>>> print(open('upload-v1.txt').read())   # compact mmCIF, C-alpha atoms
# COMPACT_ATOMS: atom_id res chain seq x y z
CA MET A 1 69.11 3.71 7.79
CA VAL A 2 68.25 1.75 10.90
CA ILE A 3 70.38 -0.99 12.43
CA GLY A 4 69.32 -3.22 15.32
CA PRO A 5 65.82 -4.71 15.33
CA VAL A 6 65.51 -3.97 11.62
CA PRO A 7 68.09 -6.05 9.64
CA LEU A 8 70.27 -4.23 7.15
CA HIS A 9 68.96 -6.19 4.18
CA ASP A 10 65.82 -4.06 4.52
CA THR A 11 67.92 -1.12 3.30
CA PRO A 12 69.10 -2.17 -0.19
CA GLY A 13 69.91 1.44 -0.94
CA LEU A 14 73.08 1.07 1.13
CA LEU A 15 74.53 -1.54 -1.23
CA ALA A 16 73.34 0.42 -4.26
CA GLU A 17 75.09 3.56 -3.00
CA LEU A 18 78.32 1.63 -2.51
CA GLU A 19 78.10 0.08 -5.97
CA ASP A 20 77.53 3.52 -7.48
CA ARG A 21 80.83 4.56 -5.89
CA GLY A 22 82.63 1.55 -7.36
CA TYR A 23 82.41 -0.93 -4.45
CA ARG A 24 80.33 -4.05 -4.97
CA ALA A 25 79.58 -5.33 -1.48
CA VAL A 26 77.83 -8.30 0.06
CA LEU A 27 75.81 -7.82 3.24
CA VAL A 28 76.46 -10.60 5.76
CA SER A 29 73.94 -11.26 8.52
CA THR A 30 74.69 -14.98 8.98
CA PRO A 31 77.64 -17.25 8.04
CA ALA A 32 75.42 -18.78 5.35
CA ASP A 33 75.44 -15.47 3.47
CA LEU A 34 79.04 -16.20 2.47
CA ASP A 35 78.37 -19.70 1.15
CA ALA A 36 77.82 -18.49 -2.40
CA VAL A 37 80.69 -16.00 -2.41
CA ARG A 38 83.71 -17.15 -4.44
CA SER A 39 87.30 -16.06 -3.99
CA ASP A 40 87.21 -14.82 -7.62
CA GLY A 41 83.71 -13.38 -7.39
CA PRO A 42 82.69 -9.81 -8.24
CA GLU A 43 82.36 -8.72 -4.62
CA ARG A 44 85.08 -6.39 -3.39
CA LEU A 45 83.85 -5.95 0.16
CA ALA A 46 81.82 -7.65 2.91
CA LEU A 47 79.69 -5.73 5.39
CA LEU A 48 79.28 -7.74 8.59
CA ASP A 49 76.08 -6.86 10.41
CA ALA A 50 77.22 -7.05 14.02
CA GLY A 51 73.79 -5.90 15.11
CA VAL A 52 72.17 -9.26 14.34
CA MET A 53 75.06 -11.71 14.81
CA ASP A 54 76.44 -13.09 18.05
CA SER A 55 80.19 -13.11 18.71
CA HIS A 56 80.64 -16.68 17.44
CA ASP A 57 78.95 -16.00 14.09
CA LEU A 58 80.76 -12.69 13.69
CA GLU A 59 84.11 -14.40 14.20
CA ALA A 60 83.17 -17.17 11.78
CA CYS A 61 82.18 -14.64 9.11
CA ALA A 62 85.38 -12.65 9.60
CA SER A 63 87.44 -15.82 9.20
CA SER A 64 85.55 -16.80 6.06
CA CYS A 65 86.15 -13.37 4.55
CA SER A 66 89.85 -13.71 5.30
CA ARG A 67 89.98 -17.06 3.49
CA LEU A 68 88.19 -15.49 0.53
CA SER A 69 90.59 -12.49 0.54
CA LEU A 70 87.47 -10.34 0.88
CA PRO A 71 87.98 -7.19 3.00
CA ALA A 72 85.39 -7.04 5.77
CA ILE A 73 83.92 -4.04 7.56
CA ALA A 74 81.83 -4.63 10.67
CA LEU A 75 78.74 -2.46 11.16
CA VAL A 76 78.59 -2.15 14.94
CA PRO A 77 75.73 -0.69 17.02
CA PRO A 78 77.01 1.69 19.74
CA GLY A 79 75.81 -0.64 22.49
CA ARG A 80 78.04 -3.43 21.24
CA LEU A 81 81.18 -1.43 20.64
CA SER A 82 82.74 -2.15 24.04
CA SER A 83 82.37 -5.90 23.53
CA LEU A 84 83.81 -5.99 20.01
CA ASP A 85 86.83 -8.31 19.96
CA PRO A 86 89.90 -6.20 19.06
CA GLN A 87 91.47 -9.35 17.54
CA LEU A 88 88.60 -9.83 15.11
CA ASP A 89 89.99 -10.44 11.61
CA ILE A 90 88.37 -7.45 9.88
CA ALA A 91 89.70 -4.53 7.88
CA ASP A 92 87.71 -1.88 9.74
CA PHE A 93 84.47 -1.11 11.54
CA VAL A 94 81.93 1.71 11.57
CA LEU A 95 79.29 2.65 14.09
CA ALA A 96 75.78 1.98 12.91
CA PRO A 97 73.72 3.66 11.73
CA THR A 98 76.36 5.31 9.57
CA ARG A 99 76.53 7.84 6.79
CA VAL A 100 77.19 6.51 3.30
CA ASP A 101 80.12 8.89 2.78
CA GLU A 102 81.85 7.54 5.88
CA LEU A 103 81.26 3.97 4.79
CA VAL A 104 82.64 4.74 1.32
CA ALA A 105 85.78 6.23 2.88
CA ARG A 106 86.25 3.11 5.02
CA ALA A 107 85.60 0.90 2.00
CA ARG A 108 88.22 2.76 -0.03
CA ARG A 109 90.82 2.23 2.67
CA ALA A 110 89.86 -1.41 3.23
CA VAL A 111 89.97 -2.33 -0.46
CA GLY A 112 93.13 -0.31 -1.03
CA SER A 113 94.98 -2.12 1.75
CA SER A 114 93.72 -5.59 0.83
CA GLY A 115 96.34 -6.29 -1.81
CA ALA A 116 94.02 -5.42 -4.68
CA ALA A 117 96.89 -3.48 -6.20
CA ASP A 118 98.46 -6.85 -7.08
CA ASP A 119 95.37 -8.00 -8.97
CA PRO A 120 96.44 -8.66 -12.58
CA ASP A 121 93.01 -7.49 -13.75
CA THR A 122 93.38 -4.11 -12.06
CA ILE A 123 95.29 -1.01 -13.15
CA ARG A 124 95.66 1.68 -10.50
CA ALA A 125 96.88 5.23 -10.87
CA GLY A 126 96.29 7.09 -7.65
CA ASP A 127 92.52 7.26 -7.17
CA LEU A 128 91.86 5.92 -10.67
CA VAL A 129 91.06 2.20 -10.88
CA ILE A 130 90.51 0.24 -14.09
CA ASN A 131 89.17 -3.30 -13.85
CA THR A 132 90.09 -4.90 -17.17
CA ALA A 133 87.99 -8.00 -16.46
CA SER A 134 84.72 -6.13 -15.90
CA TYR A 135 85.54 -3.01 -17.96
CA GLU A 136 84.72 -0.89 -14.92
CA VAL A 137 86.44 2.42 -14.18
CA SER A 138 86.24 4.40 -10.97
CA VAL A 139 87.82 7.57 -9.62
CA ASP A 140 88.04 8.04 -5.88
CA GLY A 141 85.50 5.26 -5.46
CA ARG A 142 83.03 6.84 -7.92
CA ARG A 143 82.14 4.71 -10.91
CA VAL A 144 82.71 6.39 -14.27
CA ASN A 145 80.66 5.47 -17.32
CA LEU A 146 82.81 5.54 -20.45
CA ARG A 147 82.06 4.86 -24.08
CA PHE A 148 84.09 1.99 -25.50
CA LYS A 149 86.56 4.15 -27.46
CA GLU A 150 87.07 6.34 -24.39
CA TYR A 151 87.76 3.21 -22.35
CA GLU A 152 90.24 1.90 -24.95
CA LEU A 153 92.10 5.22 -24.98
CA LEU A 154 92.29 5.30 -21.20
CA LEU A 155 93.39 1.67 -20.94
CA LEU A 156 96.15 2.07 -23.53
CA MET A 157 97.63 5.17 -21.93
CA ALA A 158 97.14 4.17 -18.28
CA ALA A 159 98.91 0.87 -18.93
CA ASN A 160 101.92 2.84 -20.18
CA PRO A 161 102.25 5.90 -17.92
CA GLY A 162 104.73 8.50 -19.05
CA ARG A 163 104.79 7.31 -22.65
CA VAL A 164 103.92 9.96 -25.22
CA TYR A 165 101.42 8.93 -27.90
CA SER A 166 101.05 11.01 -31.03
CA ARG A 167 97.54 11.62 -32.32
CA GLU A 168 98.35 9.50 -35.37
CA VAL A 169 99.44 6.54 -33.23
CA LEU A 170 96.34 6.78 -31.04
CA LEU A 171 94.12 6.99 -34.11
CA ASN A 172 95.70 3.88 -35.62
CA ARG A 173 95.80 1.90 -32.39
CA ILE A 174 92.22 2.61 -31.32
CA TRP A 175 90.33 3.18 -34.57
CA GLY A 176 92.47 1.18 -36.98
CA TYR A 177 94.52 2.00 -40.05
CA GLU A 178 91.50 2.02 -42.32
CA TYR A 179 89.58 4.60 -40.29
CA LEU A 180 88.84 7.59 -42.53
CA GLY A 181 88.41 10.16 -39.76
CA GLY A 182 91.17 12.64 -38.94
CA THR A 183 93.21 13.11 -35.81
CA ARG A 184 90.58 15.59 -34.61
CA THR A 185 88.64 12.49 -33.56
CA VAL A 186 91.35 11.77 -30.98
CA ASP A 187 91.16 15.29 -29.54
CA VAL A 188 87.38 15.07 -29.17
CA HIS A 189 87.53 11.73 -27.36
CA ILE A 190 90.36 12.83 -25.10
CA ARG A 191 88.37 15.92 -24.14
CA ARG A 192 85.32 13.80 -23.30
CA LEU A 193 87.47 11.34 -21.37
CA ARG A 194 89.05 14.13 -19.33
CA SER A 195 85.65 15.58 -18.49
CA LYS A 196 84.64 12.23 -16.98
CA ILE A 197 87.76 11.22 -15.02
CA GLU A 198 89.33 14.56 -14.09
CA ASP A 199 88.45 17.34 -11.70
CA ALA A 200 90.30 19.91 -9.60
CA GLY A 201 91.92 17.17 -7.53
CA HIS A 202 92.61 14.64 -10.26
CA ARG A 203 94.73 15.22 -13.36
CA PHE A 204 95.66 12.13 -15.33
CA ILE A 205 96.16 13.04 -18.99
CA GLU A 206 98.72 15.60 -20.17
CA THR A 207 98.85 17.28 -23.55
CA VAL A 208 102.26 17.20 -25.20
CA TRP A 209 102.40 20.31 -27.35
CA GLN A 210 102.27 19.64 -31.10
CA VAL A 211 102.68 15.90 -30.52
CA GLY A 212 99.82 14.22 -28.65
CA TYR A 213 99.09 12.96 -25.17
CA ARG A 214 100.50 10.97 -22.29
CA PHE A 215 99.16 9.54 -19.08
CA ARG A 216 100.84 11.04 -16.02
CA ASP A 217 102.93 8.69 -13.93
CA VAL A 218 101.16 9.60 -10.70
CA GLU A 219 103.48 7.40 -8.64
CA LYS A 220 106.30 9.81 -9.48
>>> encode(input="upload-v1.txt", output="structure tokens")
Amino acid sequence: MVIGPVPLHDTPGLLAELEDRGYRAVLVSTPADLDAVRSDGPERLALLDAGVMDSHDLEACASSCSRLSLPAIALVPPGRLSSLDPQLDIADFVLAPTRVDELVARARRAVGSSGAADDPDTIRAGDLVINTASYEVSVDGRRVNLRFKEYELLLLMAANPGRVYSREVLLNRIWGYEYLGGTRTVDVHIRRLRSKIEDAGHRFIETVWQVGYRFRDVEK
């Protein structure tokens, strides 16, 4: 990834990498790049290319992002770092060129501190994020692909942390009263769901012996 004479929009892989981690970003090289961005749009993050914008345009873009409630991260070449305005209305900055992992970490912090937790379309449980408007799920910034029944199970339990659901209740709520399959269906889907959202550092679903399952209240 090269920043400076070569504009960042020549590296679409950067945006694709971020989207794969659960962060849909817009790359901003001029104020006009924000003209089509809506306050309720799908973008969760703006990357301000400080390598191609002068101070006036950079300030204008930062102000526009603030009005749109869109967290902004400035991508700053080392030669411009000393002249970066410390009062610039941005969530964070990274030196460019930068590693994707570092940018993802900055994005996670910027989005997490932007008030997204108050979004009525978002359910958060630690590093797990469920967007009920777009049906997207991510863990620690990594997008998780779920089948629809897996998503419905997760949504039901995550929206009611700490509540114990018997297998029979889950079967009826997700598959319907007329579903002819047994409660084993629930166990199979829970196992698949766990394999996709859990790892050594993330445990969300607990088995309640001889009863069913509950979603851990990670805030406690």
>>> residues_near_point(input="upload-v1.txt", point="(88.6, 2.1, -13.2)", cutoff="9 Å", atoms="only C-alpha atoms", output="list in words")
Gly22, Thr122, Ile123, Arg124, Asp127, Leu128, Val129, Ile130, Asn131, Thr132, Tyr135, Glu136, Val137, Ser138, Val139, Gly141, Arg143 and Val144 of chain A
>>> atom_distance(input="upload-v1.txt", atom1="CA of Arg142 in chain A", atom2="CA of Phe204 in chain A")
15.6 Å
>>> residues_near_point(input="upload-v1.txt", point="(78.6, -5.1, 17.7)", cutoff="10 Å", atoms="only C-alpha atoms", output="VMD selection string")
chain A and resid 4 48 to 55 58 74 to 85 93 to 96
>>> closest_atom_pairs(input="upload-v1.txt", of="range 82-186 of chain A", to="range 191-196 of chain A", cutoff="9 Å", atoms="all atoms listed in the file", output="CSV")
residue,atom,partner,partner_atom,distance
A:Val144,CA,A:Lys196,CA,6.7
A:Asn145,CA,A:Lys196,CA,7.9
A:Leu146,CA,A:Leu193,CA,7.5
A:Arg147,CA,A:Leu193,CA,8.9
A:Glu150,CA,A:Leu193,CA,5.9
A:Tyr151,CA,A:Leu193,CA,8.2
A:Leu153,CA,A:Leu193,CA,8.5
A:Leu154,CA,A:Leu193,CA,7.7
A:Val186,CA,A:Arg191,CA,8.5
>>> write_last_selection(input="upload-v1.txt", atoms="C-alpha atoms", output="JSON list (two decimals), in the coordinates of the input")
[["chain", "number", "residue", "atom", "x", "y", "z"],
["A", 144, "VAL", "CA", 82.71, 6.39, -14.27],
["A", 145, "ASN", "CA", 80.66, 5.47, -17.32],
["A", 146, "LEU", "CA", 82.81, 5.54, -20.45],
["A", 147, "ARG", "CA", 82.06, 4.86, -24.08],
["A", 150, "GLU", "CA", 87.07, 6.34, -24.39],
["A", 151, "TYR", "CA", 87.76, 3.21, -22.35],
["A", 153, "LEU", "CA", 92.10, 5.22, -24.98],
["A", 154, "LEU", "CA", 92.29, 5.30, -21.20],
["A", 186, "VAL", "CA", 91.35, 11.77, -30.98]]
>>> closest_residue(input="upload-v1.txt", among="A:Asp187, A:Asp199, A:Asp89, A:Asp140", to="Arg167 in chain A", atoms="only C-alpha atoms")
A:Asp187
>>> residues_around(input="upload-v1.txt", residues="Trp175 in chain A", least_positions_apart="4", cutoff="12 Å", atoms="all atoms listed in the file", output="number ranges by chain")
A: 148-150, 152-153, 167-171, 179-183, 185-186, 189
>>> atom_distance(input="upload-v1.txt", atom1="CA of Ala16 in chain A", atom2="CA of Cys65 in chain A")
20.8 Å
>>> closest_residue(input="upload-v1.txt", among="A:Ala60, A:Val218, A:Ala72, A:Val28", to="Ala158 in chain A", atoms="only C-alpha atoms")
A:Val218
>>> atom_distance(input="upload-v1.txt", atom1="CA of Tyr213 in chain A", atom2="CA of Arg163 in chain A")
8.4 Å
>>> build_atoms(input="upload-v1.txt", residues="range 78-94 of chain A", atoms="N, CA and C atoms", output="PDB file, in the frame of the given file")
ATOM      1  N   PRO A  78      76.255   1.097  18.625  1.00  0.00           N
ATOM      2  CA  PRO A  78      77.010   1.690  19.740  1.00  0.00           C
ATOM      3  C   PRO A  78      77.004   0.824  20.994  1.00  0.00           C
ATOM      4  N   GLY A  79      75.900   0.158  21.285  1.00  0.00           N
ATOM      5  CA  GLY A  79      75.810  -0.640  22.490  1.00  0.00           C
ATOM      6  C   GLY A  79      76.696  -1.864  22.494  1.00  0.00           C
ATOM      7  N   ARG A  80      77.206  -2.240  21.317  1.00  0.00           N
ATOM      8  CA  ARG A  80      78.040  -3.430  21.240  1.00  0.00           C
ATOM      9  C   ARG A  80      79.523  -3.091  21.041  1.00  0.00           C
ATOM     10  N   LEU A  81      79.816  -1.830  20.944  1.00  0.00           N
ATOM     11  CA  LEU A  81      81.180  -1.430  20.640  1.00  0.00           C
ATOM     12  C   LEU A  81      82.175  -1.907  21.694  1.00  0.00           C
ATOM     13  N   SER A  82      81.810  -1.794  22.962  1.00  0.00           N
ATOM     14  CA  SER A  82      82.740  -2.150  24.040  1.00  0.00           C
ATOM     15  C   SER A  82      83.048  -3.637  24.071  1.00  0.00           C
ATOM     16  N   SER A  83      82.155  -4.452  23.506  1.00  0.00           N
ATOM     17  CA  SER A  83      82.370  -5.900  23.530  1.00  0.00           C
ATOM     18  C   SER A  83      82.958  -6.435  22.236  1.00  0.00           C
ATOM     19  N   LEU A  84      83.244  -5.544  21.285  1.00  0.00           N
ATOM     20  CA  LEU A  84      83.810  -5.990  20.010  1.00  0.00           C
ATOM     21  C   LEU A  84      85.239  -6.487  20.234  1.00  0.00           C
ATOM     22  N   ASP A  85      85.509  -7.702  19.777  1.00  0.00           N
ATOM     23  CA  ASP A  85      86.830  -8.310  19.960  1.00  0.00           C
ATOM     24  C   ASP A  85      87.873  -7.554  19.149  1.00  0.00           C
ATOM     25  N   PRO A  86      88.875  -6.952  19.800  1.00  0.00           N
ATOM     26  CA  PRO A  86      89.900  -6.200  19.060  1.00  0.00           C
ATOM     27  C   PRO A  86      90.744  -7.099  18.149  1.00  0.00           C
ATOM     28  N   GLN A  87      90.713  -8.421  18.377  1.00  0.00           N
ATOM     29  CA  GLN A  87      91.470  -9.350  17.540  1.00  0.00           C
ATOM     30  C   GLN A  87      90.664  -9.874  16.356  1.00  0.00           C
ATOM     31  N   LEU A  88      89.448  -9.366  16.205  1.00  0.00           N
ATOM     32  CA  LEU A  88      88.600  -9.830  15.110  1.00  0.00           C
ATOM     33  C   LEU A  88      89.279  -9.540  13.774  1.00  0.00           C
ATOM     34  N   ASP A  89      89.272 -10.530  12.886  1.00  0.00           N
ATOM     35  CA  ASP A  89      89.990 -10.440  11.610  1.00  0.00           C
ATOM     36  C   ASP A  89      89.171  -9.642  10.597  1.00  0.00           C
ATOM     37  N   ILE A  90      89.109  -8.323  10.789  1.00  0.00           N
ATOM     38  CA  ILE A  90      88.370  -7.450   9.880  1.00  0.00           C
ATOM     39  C   ILE A  90      89.274  -6.291   9.478  1.00  0.00           C
ATOM     40  N   ALA A  91      88.909  -5.658   8.361  1.00  0.00           N
ATOM     41  CA  ALA A  91      89.700  -4.530   7.880  1.00  0.00           C
ATOM     42  C   ALA A  91      89.387  -3.254   8.636  1.00  0.00           C
ATOM     43  N   ASP A  92      88.117  -3.110   9.076  1.00  0.00           N
ATOM     44  CA  ASP A  92      87.710  -1.880   9.740  1.00  0.00           C
ATOM     45  C   ASP A  92      86.316  -2.085  10.326  1.00  0.00           C
ATOM     46  N   PHE A  93      85.842  -1.088  11.060  1.00  0.00           N
ATOM     47  CA  PHE A  93      84.470  -1.110  11.540  1.00  0.00           C
ATOM     48  C   PHE A  93      83.923   0.309  11.530  1.00  0.00           C
ATOM     49  N   VAL A  94      82.594   0.413  11.471  1.00  0.00           N
ATOM     50  CA  VAL A  94      81.930   1.710  11.570  1.00  0.00           C
ATOM     51  C   VAL A  94      80.768   1.564  12.544  1.00  0.00           C
TER      52      VAL A  94
END
